[in-house]
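Heads up, upload_21.txt below (compact mmCIF, C-alpha atoms and all ligand atoms):
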```txt
# COMPACT_ATOMS: atom_id res chain seq x y z
CA MET A 71 -28.84 -89.89 -23.75
CA SER A 72 -31.34 -92.74 -23.65
CA GLU A 73 -34.65 -92.74 -25.44
CA ASN A 74 -37.15 -90.30 -23.97
CA PRO A 75 -40.59 -91.94 -24.35
CA ALA A 76 -42.39 -88.75 -23.30
CA ARG A 77 -40.71 -86.55 -25.92
CA PHE A 78 -43.30 -84.72 -28.08
CA GLU A 79 -46.08 -85.36 -25.53
CA ILE A 80 -46.18 -81.57 -25.11
CA ALA A 81 -46.79 -79.81 -28.41
CA HIS A 82 -46.00 -76.23 -27.43
CA LEU A 83 -46.57 -73.23 -25.21
CA ALA A 84 -50.14 -72.16 -25.92
CA ARG A 85 -50.74 -69.19 -23.64
CA VAL A 86 -49.69 -67.04 -20.71
CA GLU A 87 -51.76 -64.95 -18.31
CA LEU A 88 -49.96 -61.80 -17.20
CA LEU A 89 -51.04 -59.72 -14.23
CA SER A 90 -50.76 -55.95 -14.45
CA PRO A 91 -51.38 -53.04 -12.10
CA LYS A 92 -51.74 -50.88 -15.22
CA PRO A 93 -53.98 -53.07 -17.38
CA GLN A 94 -54.92 -50.42 -19.95
CA GLU A 95 -51.30 -49.43 -20.51
CA THR A 96 -50.28 -53.08 -20.70
CA GLU A 97 -53.04 -53.74 -23.25
CA ASP A 98 -51.94 -50.69 -25.26
CA PHE A 99 -48.35 -51.99 -25.24
CA PHE A 100 -49.39 -55.32 -26.77
CA THR A 101 -51.90 -53.86 -29.24
CA ARG A 102 -50.37 -50.54 -30.36
CA PHE A 103 -46.69 -51.53 -30.33
CA LEU A 104 -46.81 -55.28 -30.92
CA GLY A 105 -49.91 -55.45 -33.10
CA MET A 106 -51.79 -58.08 -31.13
CA TYR A 107 -55.52 -58.52 -31.67
CA VAL A 108 -58.04 -58.38 -28.81
CA THR A 109 -60.38 -61.38 -29.09
CA GLN A 110 -62.38 -61.20 -25.85
CA ARG A 111 -63.01 -59.16 -22.72
CA GLU A 112 -64.31 -60.68 -19.49
CA GLY A 113 -64.41 -58.93 -16.13
CA GLN A 114 -60.98 -57.46 -15.40
CA SER A 115 -59.32 -59.48 -18.16
CA VAL A 116 -58.61 -59.02 -21.84
CA TYR A 117 -57.58 -61.82 -24.21
CA LEU A 118 -55.18 -61.29 -27.12
CA ARG A 119 -53.45 -63.16 -29.91
CA GLY A 120 -50.69 -62.54 -32.43
CA TYR A 121 -51.58 -62.82 -36.12
CA GLU A 122 -50.16 -66.35 -36.38
CA ASP A 123 -51.30 -67.66 -33.00
CA PRO A 124 -53.60 -70.59 -33.86
CA TYR A 125 -56.04 -70.38 -30.93
CA GLN A 126 -58.42 -67.81 -29.49
CA TRP A 127 -55.71 -66.32 -27.35
CA SER A 128 -52.06 -66.63 -26.38
CA LEU A 129 -52.03 -63.77 -23.90
CA LYS A 130 -54.49 -62.81 -21.19
CA ILE A 131 -53.95 -59.61 -19.24
CA THR A 132 -55.67 -59.42 -15.87
CA GLU A 133 -55.78 -56.39 -13.60
CA SER A 134 -53.97 -57.04 -10.34
CA PRO A 135 -52.20 -55.00 -7.63
CA GLN A 136 -48.88 -56.52 -8.70
CA ALA A 137 -47.21 -57.45 -11.96
CA GLY A 138 -46.56 -61.16 -12.45
CA MET A 139 -47.76 -64.30 -14.19
CA ASP A 140 -50.96 -66.02 -13.09
CA HIS A 141 -50.18 -69.16 -15.08
CA PHE A 142 -48.93 -70.54 -18.36
CA ALA A 143 -50.46 -73.38 -20.37
CA MET A 144 -48.80 -76.00 -22.54
CA ARG A 145 -50.89 -77.82 -25.12
CA THR A 146 -50.39 -81.59 -25.25
CA HIS A 147 -50.01 -83.58 -28.46
CA SER A 148 -53.30 -85.44 -27.94
CA ALA A 149 -56.03 -86.14 -25.40
CA GLU A 150 -54.20 -89.35 -24.46
CA ALA A 151 -50.95 -87.44 -23.93
CA LEU A 152 -52.76 -85.18 -21.46
CA ASP A 153 -53.97 -88.26 -19.54
CA ARG A 154 -50.46 -89.74 -19.56
CA ARG A 155 -49.02 -86.48 -18.17
CA GLU A 156 -51.65 -86.58 -15.42
CA LYS A 157 -50.61 -90.14 -14.60
CA SER A 158 -46.97 -89.11 -14.38
CA LEU A 159 -47.86 -86.36 -11.89
CA ASN A 160 -50.07 -88.79 -9.98
CA ASP A 161 -47.29 -91.39 -9.76
CA ALA A 162 -45.05 -88.75 -8.16
CA ASN A 163 -47.80 -87.53 -5.78
CA VAL A 164 -47.76 -84.02 -7.25
CA ASP A 165 -50.85 -82.03 -6.18
CA ARG A 166 -52.99 -81.32 -9.19
CA ALA A 167 -56.58 -80.53 -10.13
CA TRP A 168 -58.80 -80.68 -13.19
CA GLN A 169 -60.65 -77.46 -13.98
CA ASP A 170 -63.08 -76.24 -16.61
CA GLY A 171 -61.41 -74.49 -19.49
CA ASP A 172 -60.92 -70.75 -19.80
CA PHE A 173 -62.24 -68.93 -22.90
CA GLY A 174 -61.42 -70.96 -26.02
CA TYR A 175 -59.85 -73.92 -24.18
CA GLY A 176 -61.26 -77.16 -22.76
CA LYS A 177 -60.63 -79.05 -19.54
CA THR A 178 -57.42 -78.06 -17.87
CA LEU A 179 -55.00 -79.85 -15.57
CA LYS A 180 -53.37 -77.49 -13.09
CA TYR A 181 -50.32 -78.05 -10.89
CA GLN A 182 -47.24 -76.18 -9.73
CA THR A 183 -43.55 -76.47 -10.44
CA PRO A 184 -41.40 -77.26 -7.38
CA ASP A 185 -40.76 -73.50 -7.15
CA GLY A 186 -44.46 -72.58 -7.21
CA HIS A 187 -45.10 -71.50 -10.82
CA ASN A 188 -48.66 -72.31 -11.93
CA VAL A 189 -48.69 -74.77 -14.84
CA SER A 190 -51.75 -75.67 -16.90
CA LEU A 191 -51.94 -78.50 -19.40
CA VAL A 192 -54.64 -78.53 -22.06
CA TRP A 193 -55.54 -80.52 -25.15
CA GLU A 194 -58.86 -79.03 -26.26
CA ALA A 195 -58.22 -75.66 -27.91
CA GLU A 196 -60.59 -73.77 -30.16
CA LYS A 197 -58.99 -72.59 -33.39
CA TYR A 198 -59.25 -68.91 -34.12
CA VAL A 199 -61.35 -68.19 -37.21
CA ALA A 200 -61.01 -64.65 -38.50
CA PRO A 201 -63.98 -62.61 -39.66
CA PRO A 202 -63.92 -62.05 -43.45
CA GLU A 203 -62.18 -58.67 -43.22
CA LEU A 204 -59.29 -60.18 -41.22
CA GLN A 205 -58.79 -63.37 -43.26
CA SER A 206 -55.34 -63.66 -44.83
CA LYS A 207 -54.64 -64.85 -48.38
CA ILE A 208 -51.70 -66.77 -46.88
CA LEU A 209 -53.43 -69.99 -45.90
CA THR A 210 -51.19 -70.95 -42.97
CA ARG A 211 -51.86 -67.55 -41.38
CA PRO A 212 -55.09 -67.43 -39.34
CA SER A 213 -55.40 -63.66 -39.72
CA LYS A 214 -53.94 -60.75 -41.63
CA LYS A 215 -50.75 -59.13 -40.45
CA PRO A 216 -52.08 -55.99 -38.75
CA LEU A 217 -51.13 -52.50 -39.87
CA GLN A 218 -50.17 -51.46 -36.36
CA GLY A 219 -46.82 -51.14 -34.57
CA ILE A 220 -44.35 -53.92 -35.35
CA PRO A 221 -46.57 -56.98 -35.05
CA VAL A 222 -45.42 -60.20 -33.39
CA LYS A 223 -46.44 -63.45 -35.06
CA ARG A 224 -47.08 -65.58 -31.98
CA ILE A 225 -46.10 -66.46 -28.45
CA ASP A 226 -42.72 -68.21 -28.37
CA HIS A 227 -41.35 -69.21 -24.98
CA LEU A 228 -41.21 -68.60 -21.29
CA ASN A 229 -38.38 -67.97 -18.86
CA LEU A 230 -39.01 -68.75 -15.19
CA MET A 231 -36.94 -67.58 -12.22
CA ALA A 232 -36.48 -70.12 -9.44
CA SER A 233 -34.82 -70.33 -6.07
CA ASP A 234 -33.40 -73.68 -7.23
CA VAL A 235 -33.20 -74.47 -10.95
CA THR A 236 -32.52 -78.21 -10.79
CA PRO A 237 -35.84 -79.48 -9.36
CA VAL A 238 -37.79 -77.26 -11.77
CA LYS A 239 -35.77 -78.64 -14.69
CA GLU A 240 -36.24 -82.21 -13.48
CA SER A 241 -39.99 -81.65 -13.17
CA PHE A 242 -40.23 -80.58 -16.82
CA GLU A 243 -38.07 -83.51 -17.89
CA ARG A 244 -39.89 -86.13 -15.85
CA HIS A 245 -43.52 -85.10 -16.20
CA LEU A 246 -43.61 -83.28 -19.54
CA GLY A 247 -40.88 -85.07 -21.49
CA PHE A 248 -38.78 -81.97 -22.06
CA GLN A 249 -35.14 -82.36 -23.06
CA THR A 250 -32.62 -79.96 -21.57
CA THR A 251 -30.75 -78.61 -24.57
CA GLU A 252 -28.39 -76.29 -22.67
CA ARG A 253 -27.60 -75.33 -19.10
CA VAL A 254 -25.29 -73.01 -17.18
CA VAL A 255 -23.37 -74.08 -14.09
CA ASP A 256 -21.51 -72.04 -11.51
CA GLY A 257 -19.24 -74.65 -9.96
CA ASP A 258 -21.58 -77.44 -8.90
CA VAL A 259 -24.71 -75.30 -8.95
CA GLU A 260 -27.02 -75.29 -11.93
CA ILE A 261 -28.03 -71.66 -12.47
CA GLY A 262 -29.84 -71.94 -15.79
CA ALA A 263 -31.55 -74.58 -17.94
CA TRP A 264 -33.08 -74.31 -21.42
CA MET A 265 -35.63 -77.00 -22.20
CA SER A 266 -37.44 -78.16 -25.31
CA SER A 267 -40.49 -80.31 -25.90
CA ASN A 268 -40.38 -80.05 -29.68
CA LEU A 269 -38.05 -78.84 -32.43
CA LEU A 270 -37.38 -75.40 -30.98
CA ALA A 271 -34.18 -74.82 -29.02
CA HIS A 272 -36.37 -74.04 -26.02
CA GLU A 273 -39.98 -73.61 -25.00
CA VAL A 274 -39.21 -73.03 -21.34
CA ALA A 275 -36.09 -71.78 -19.60
CA CYS A 276 -35.39 -71.53 -15.90
CA MET A 277 -32.80 -69.25 -14.31
CA ARG A 278 -31.71 -68.93 -10.71
CA ASP A 279 -33.21 -66.01 -8.80
CA LEU A 280 -30.14 -64.39 -7.23
CA THR A 281 -32.37 -62.60 -4.71
CA GLY A 282 -33.58 -65.98 -3.40
CA GLY A 283 -37.16 -65.38 -4.52
CA ARG A 284 -39.47 -68.21 -5.54
CA GLY A 285 -41.87 -68.80 -8.39
CA LYS A 286 -41.33 -65.59 -10.37
CA LEU A 287 -41.62 -64.87 -14.06
CA HIS A 288 -38.44 -63.69 -15.76
CA HIS A 289 -40.00 -63.06 -19.17
CA VAL A 290 -42.43 -64.18 -21.79
CA ALA A 291 -41.20 -64.03 -25.39
CA PHE A 292 -43.06 -63.30 -28.61
CA TYR A 293 -41.77 -64.29 -32.02
CA TYR A 294 -40.78 -62.13 -34.99
CA GLY A 295 -38.47 -64.56 -36.81
CA ASN A 296 -36.46 -61.64 -38.14
CA LEU A 297 -33.66 -59.61 -36.56
CA GLN A 298 -34.60 -56.43 -38.43
CA HIS A 299 -37.89 -56.34 -36.55
CA ASN A 300 -35.96 -56.31 -33.25
CA VAL A 301 -33.91 -53.36 -34.53
CA ASP A 302 -37.03 -51.52 -35.69
CA ALA A 303 -38.82 -52.32 -32.42
CA ALA A 304 -35.92 -50.89 -30.41
CA GLU A 305 -36.28 -47.61 -32.32
CA MET A 306 -40.03 -47.63 -31.73
CA PHE A 307 -39.61 -48.27 -28.01
CA ARG A 308 -37.01 -45.47 -27.70
CA ASP A 309 -39.32 -43.02 -29.42
CA TYR A 310 -42.32 -43.94 -27.28
CA ASP A 311 -40.55 -44.24 -23.90
CA ILE A 312 -40.91 -47.99 -23.43
CA GLN A 313 -38.04 -49.07 -21.19
CA ILE A 314 -35.49 -51.20 -23.05
CA GLU A 315 -33.38 -53.51 -20.88
CA ALA A 316 -30.95 -55.01 -23.41
CA GLY A 317 -30.49 -55.76 -27.09
CA PRO A 318 -30.90 -56.24 -29.93
CA ASP A 319 -28.21 -58.91 -29.89
CA THR A 320 -27.91 -62.71 -30.23
CA HIS A 321 -27.58 -65.18 -27.37
CA GLY A 322 -24.91 -67.88 -27.57
CA ILE A 323 -27.32 -70.02 -25.54
CA THR A 324 -30.09 -71.07 -28.02
CA GLN A 325 -28.60 -68.68 -30.65
CA GLY A 326 -31.86 -66.74 -30.35
CA GLN A 327 -31.96 -63.05 -31.25
CA PHE A 328 -33.25 -60.95 -28.39
CA LEU A 329 -34.60 -57.58 -27.38
CA TYR A 330 -35.77 -57.20 -23.77
CA VAL A 331 -38.21 -54.50 -22.71
CA PHE A 332 -40.45 -53.84 -19.72
CA GLU A 333 -44.13 -53.48 -20.51
CA PRO A 334 -45.74 -50.60 -18.57
CA GLY A 335 -47.17 -52.94 -15.91
CA GLY A 336 -43.64 -54.03 -14.95
CA ASN A 337 -43.33 -57.46 -16.60
CA ARG A 338 -40.32 -58.19 -18.78
CA VAL A 339 -41.11 -59.11 -22.41
CA GLU A 340 -38.64 -60.51 -24.94
CA LEU A 341 -38.98 -59.97 -28.66
CA PHE A 342 -37.45 -62.91 -30.46
CA GLY A 343 -35.88 -62.49 -33.88
CA SER A 344 -34.53 -65.70 -35.39
CA ALA A 345 -35.40 -68.58 -33.07
CA GLY A 346 -31.79 -69.79 -33.28
CA PHE A 347 -30.74 -73.43 -33.57
CA MET A 348 -33.33 -76.14 -34.14
CA HIS A 349 -33.58 -79.15 -31.84
CA LEU A 350 -33.66 -81.81 -34.55
CA ASP A 351 -31.18 -84.35 -33.17
CA PRO A 352 -33.25 -86.82 -31.09
CA ASP A 353 -30.37 -87.84 -28.83
CA ALA A 354 -28.43 -84.61 -28.67
CA THR A 355 -26.46 -84.23 -25.47
CA THR A 356 -27.11 -81.35 -23.10
CA LYS A 357 -24.55 -78.59 -23.69
CA THR A 358 -23.14 -77.10 -20.48
CA TRP A 359 -21.83 -73.55 -20.29
CA ASP A 360 -19.67 -72.57 -17.37
CA MET A 361 -19.06 -69.10 -16.04
CA ALA A 362 -15.79 -68.72 -17.98
CA ASP A 363 -17.77 -68.66 -21.25
CA ILE A 364 -20.88 -66.95 -20.00
CA ASP A 365 -20.33 -63.71 -21.93
CA THR A 366 -20.62 -65.65 -25.21
CA GLY A 367 -23.59 -67.56 -23.83
CA LEU A 368 -25.46 -64.41 -22.92
CA ALA A 369 -24.73 -62.17 -25.90
CA ILE A 370 -22.46 -63.02 -28.83
CA GLY A 371 -22.28 -59.38 -29.90
CA GLY A 372 -21.29 -58.13 -26.46
CA ALA A 373 -24.56 -56.56 -25.27
CA LYS A 374 -24.59 -56.27 -21.49
CA LEU A 375 -27.45 -57.90 -19.62
CA PRO A 376 -27.68 -55.63 -16.55
CA TRP A 377 -27.09 -57.16 -13.15
CA GLU A 378 -29.45 -54.65 -11.51
CA THR A 379 -32.35 -56.03 -13.54
CA TYR A 380 -31.65 -59.07 -15.73
CA PHE A 381 -30.22 -61.27 -12.98
CA THR A 382 -32.29 -59.91 -10.10
CA TYR A 383 -35.68 -58.62 -11.26
CA GLY A 384 -38.67 -60.83 -11.93
CA THR A 385 -42.37 -60.51 -11.31
CA PRO A 386 -44.03 -60.39 -8.86
CA SER A 387 -41.35 -58.17 -7.36
CA PRO A 388 -41.27 -56.83 -3.81
CA LEU A 389 -40.10 -53.53 -5.33
CA ALA A 390 -41.39 -51.62 -8.30
CA LEU A 391 -38.94 -51.61 -11.20
CA ASP A 392 -37.51 -48.10 -10.54
CA ALA A 393 -37.00 -48.83 -6.84
CA HIS A 394 -35.50 -52.23 -7.66
CA ILE A 395 -32.95 -50.66 -10.01
CA GLU A 396 -32.02 -48.07 -7.39
CA LYS A 397 -31.47 -50.78 -4.81
CA PHE A 398 -29.51 -53.17 -7.05
CA VAL A 399 -27.51 -50.60 -9.03
CA HIS A 400 -24.23 -51.61 -7.38
CA PHE A 401 -24.97 -55.36 -7.36
CA GLY A 402 -22.65 -57.57 -9.39
CA PRO A 403 -21.06 -61.00 -9.84
CA GLY A 404 -20.12 -62.79 -6.62
CA MET A 405 -21.83 -60.26 -4.37
CA ALA A 406 -24.51 -60.96 -1.77
CA PRO A 407 -27.80 -59.36 -2.82
CA PRO A 408 -29.00 -56.33 -0.81
CA GLU A 409 -31.15 -57.14 2.23
CA PRO A 410 -34.88 -57.44 1.57
CA SER A 411 -36.66 -54.12 1.76
CA PRO A 412 -38.90 -53.65 4.83
CA GLN A 413 -41.60 -51.78 2.94
CA THR A 414 -43.85 -53.44 0.41
CA ASP A 415 -43.68 -51.29 -2.66
CA LEU A 416 -45.66 -53.26 -5.20
CA ALA A 417 -44.12 -53.87 -8.59
CA GLY A 418 -45.54 -51.56 -11.19
CA SER A 419 -46.94 -49.01 -8.73
CA SER A 420 -44.31 -46.47 -9.71
CA ALA A 421 -42.57 -48.23 -12.61
FE FE A 501 -36.08 -65.83 -23.65
FE FE A 502 -33.42 -64.31 -24.28
```
So that I can check it, write out the structure of this file as structure tokens.
Amino acid sequence: MSENPARFEIAHLARVELLSPKPQETEDFFTRFLGMYVTQREGQSVYLRGYEDPYQWSLKITESPQAGMDHFAMRTHSAEALDRREKSLNDANVDRAWQDGDFGYGKTLKYQTPDGHNVSLVWEAEKYVAPPELQSKILTRPSKKPLQGIPVKRIDHLNLMASDVTPVKESFERHLGFQTTERVVDGDVEIGAWMSSNLLAHEVACMRDLTGGRGKLHHVAFYYGNLQHNVDAAEMFRDYDIQIEAGPDTHGITQGQFLYVFEPGGNRVELFGSAGFMHLDPDATTKTWDMADIDTGLAIGGAKLPWETYFTYGTPSPLALDAHIEKFVHFGPGMAPPEPSPQTDLAGSSA
């Protein structure tokens, strides 16, 4: 691998805006179960942060008829890095626009991935300063660990579904300086890519949408750093009827420890235990998994990631989660997906 001059231009994933048809239940999920703090309310939106998120918010929940992701934002390493990323997009004639910042963030560059996901790039970000009663004695922690649910520390990463993984991957590599740490191929077709802009194994992943959909969210992940929290969270979610999809287990890909659940609005959320391997080697080669080894790649401990959801459901979804599961229950490897449904049953409306 040759030198990547744009590596470290993107510091990290700063925030995600989720859309929810059940905004109060979605807010309750993130506050009561995952211990996130509400920092602002505006119109039909609420802004939240984990107790180690550095900025005013890492998660915005906005009421919407359908579940999904409005956008995600990466923070650049400097103001100049943001300008250089804009130049890279300009040189490739990618449509883009500067906008005023949302709450707690400054001017924002917006564009889309080749599959239609909304990307924002920001440099200016207001640090969260806790009121005296929430200040932690641990100086690297911007606020106390809350006494509520099993609190997540911070936002961790994003997984996008795409009709075609390769151009999305190449867009992150070319314009944002990401390195692809791992990928999955099925014959000649790239069906998954895990990409890093920093020392984490991945900040963004992209997986092929087997239903042929474009521009969906697969999941947003929040960080615990500890497998026991995933185990405890699974018990909590069982007791309180939050739908668990898979886990706790450990991926071979990234070596991250996972627990996947569906928040009440219909979006998939991952709770991340240990972040897995660290991306320290500056010229590490991309590791390629093929389908013969995919079971190890997906879950070292043998947890099954369900075909009727994990490989087919993302948001926005033409079907609510329950209806999607019913339709895809017999779907499996090598099969053609069921025909698109004629009715529009919005995701989350009966999930
Ligand atoms: Fe993930
Ligand atoms: Fe995962």
_Nearest candidate to ligand FE 501 (chain A) (options A:Met277, A:Val399, A:Leu389, A:Val301; using all atoms listed in the file)_ = A:Met277
*Please give me, as a PyMOL selection string, the residues lying within 8 Å of ligand FE 501 (chain A) when counting all atoms listed in the file.*
chain A and resi 227-229+275+289-291+326+328+340+342
*Please provide the set of residues having any atom within 9 Å of A:Leu104, restricted to all atoms listed in the file, with same-chain residues fewer than 4 positions apart removed, written as number ranges by chain.*
A: 98-100, 120, 218-222, 303
Grab the residues selected above and save them as a PDB file, in the frame of the given file with C-alpha atoms.
```pdb
ATOM      1  CA  ASP A  98     -51.940 -50.690 -25.260  1.00  0.00           C
ATOM      2  CA  PHE A  99     -48.350 -51.990 -25.240  1.00  0.00           C
ATOM      3  CA  PHE A 100     -49.390 -55.320 -26.770  1.00  0.00           C
ATOM      4  CA  GLY A 120     -50.690 -62.540 -32.430  1.00  0.00           C
ATOM      5  CA  GLN A 218     -50.170 -51.460 -36.360  1.00  0.00           C
ATOM      6  CA  GLY A 219     -46.820 -51.140 -34.570  1.00  0.00           C
ATOM      7  CA  ILE A 220     -44.350 -53.920 -35.350  1.00  0.00           C
ATOM      8  CA  PRO A 221     -46.570 -56.980 -35.050  1.00  0.00           C
ATOM      9  CA  VAL A 222     -45.420 -60.200 -33.390  1.00  0.00           C
ATOM     10  CA  ALA A 303     -38.820 -52.320 -32.420  1.00  0.00           C
TER      11      ALA A 303
END
```
_Nearest residue to A:Ile225 out of A:Leu83, A:Ala390, A:Ile314, A:Met144, using all atoms listed in the file?_
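Checking each of A:Leu83, A:Ala390, A:Ile314, A:Met144 against A:Ile225, counting all atoms listed in the file, the winner is A:Leu83.
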Padded axis-aligned box of stretch 312-330 of chain A (4 Å per side), centre and edge lengths, Å, one decimal, as lines of an AutoDock Vina configuration file:
```
center_x = -32.9
center_y = -59.5
center_z = -26.1
size_x = 24.0
size_y = 31.1
size_z = 18.4
```
*Quick one: residues within 12 Å of ligand FE 502 (chain A), with only C-alpha atoms and all ligand atoms, as JSON, numbers by chain?*
{"A": [226, 227, 228, 229, 230, 262, 264, 271, 272, 273, 274, 275, 276, 277, 288, 289, 290, 291, 292, 293, 315, 316, 317, 318, 319, 320, 321, 322, 323, 324, 325, 326, 327, 328, 329, 330, 331, 338, 339, 340, 341, 342, 343, 344, 345, 346, 367, 368, 369, 370, 373, 375, 380]}
*Could you check how far atom CA of A:Val199 sits from atom CA of A:Thr109, in Å to one decimal?*
10.6 Å
Starting from the incomplete input, reconstruct N, CA and C atoms of stretch 245-268 of chain A and report them as a compact mmCIF listing (two decimals), in the frame of the given file.
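Saved the output as out_35.txt:
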```
# COMPACT_ATOMS: atom_id res chain seq x y z
N HIS A 245 -42.06 -85.05 -16.01
CA HIS A 245 -43.52 -85.10 -16.20
C HIS A 245 -43.96 -84.65 -17.59
N LEU A 246 -43.17 -83.82 -18.25
CA LEU A 246 -43.61 -83.28 -19.54
C LEU A 246 -42.72 -83.73 -20.70
N GLY A 247 -41.70 -84.52 -20.41
CA GLY A 247 -40.88 -85.07 -21.49
C GLY A 247 -39.96 -84.07 -22.15
N PHE A 248 -39.69 -82.95 -21.49
CA PHE A 248 -38.78 -81.97 -22.06
C PHE A 248 -37.35 -82.52 -22.07
N GLN A 249 -36.57 -82.09 -23.07
CA GLN A 249 -35.14 -82.36 -23.06
C GLN A 249 -34.43 -81.05 -22.74
N THR A 250 -33.42 -81.15 -21.90
CA THR A 250 -32.62 -79.96 -21.57
C THR A 250 -31.55 -79.83 -22.64
N THR A 251 -31.68 -78.80 -23.45
CA THR A 251 -30.75 -78.61 -24.57
C THR A 251 -29.45 -77.96 -24.10
N GLU A 252 -29.58 -77.00 -23.17
CA GLU A 252 -28.39 -76.29 -22.67
C GLU A 252 -28.61 -75.95 -21.20
N ARG A 253 -27.51 -75.78 -20.48
CA ARG A 253 -27.60 -75.33 -19.10
C ARG A 253 -26.35 -74.54 -18.77
N VAL A 254 -26.43 -73.78 -17.68
CA VAL A 254 -25.29 -73.01 -17.18
C VAL A 254 -25.02 -73.47 -15.76
N VAL A 255 -23.74 -73.70 -15.46
CA VAL A 255 -23.37 -74.08 -14.09
C VAL A 255 -22.37 -73.06 -13.54
N ASP A 256 -22.49 -72.84 -12.24
CA ASP A 256 -21.51 -72.04 -11.51
C ASP A 256 -20.92 -73.00 -10.48
N GLY A 257 -19.77 -73.56 -10.81
CA GLY A 257 -19.24 -74.65 -9.96
C GLY A 257 -20.17 -75.84 -10.06
N ASP A 258 -20.68 -76.28 -8.91
CA ASP A 258 -21.58 -77.44 -8.90
C ASP A 258 -23.05 -77.04 -9.02
N VAL A 259 -23.31 -75.75 -9.01
CA VAL A 259 -24.71 -75.30 -8.95
C VAL A 259 -25.23 -74.98 -10.35
N GLU A 260 -26.37 -75.57 -10.65
CA GLU A 260 -27.02 -75.29 -11.93
C GLU A 260 -27.76 -73.95 -11.79
N ILE A 261 -27.40 -72.97 -12.61
CA ILE A 261 -28.03 -71.66 -12.47
C ILE A 261 -28.91 -71.31 -13.66
N GLY A 262 -28.94 -72.17 -14.67
CA GLY A 262 -29.84 -71.94 -15.79
C GLY A 262 -30.04 -73.21 -16.57
N ALA A 263 -31.26 -73.41 -17.11
CA ALA A 263 -31.55 -74.58 -17.94
C ALA A 263 -32.52 -74.16 -19.03
N TRP A 264 -32.25 -74.62 -20.27
CA TRP A 264 -33.08 -74.31 -21.42
C TRP A 264 -33.65 -75.64 -21.93
N MET A 265 -34.97 -75.71 -22.01
CA MET A 265 -35.63 -77.00 -22.20
C MET A 265 -36.59 -76.97 -23.38
N SER A 266 -36.65 -78.09 -24.09
CA SER A 266 -37.44 -78.16 -25.31
C SER A 266 -38.35 -79.38 -25.30
N SER A 267 -39.57 -79.19 -25.75
CA SER A 267 -40.49 -80.31 -25.90
C SER A 267 -40.68 -80.65 -27.37
N ASN A 268 -40.09 -79.87 -28.24
CA ASN A 268 -40.38 -80.05 -29.68
C ASN A 268 -39.11 -79.74 -30.47
```
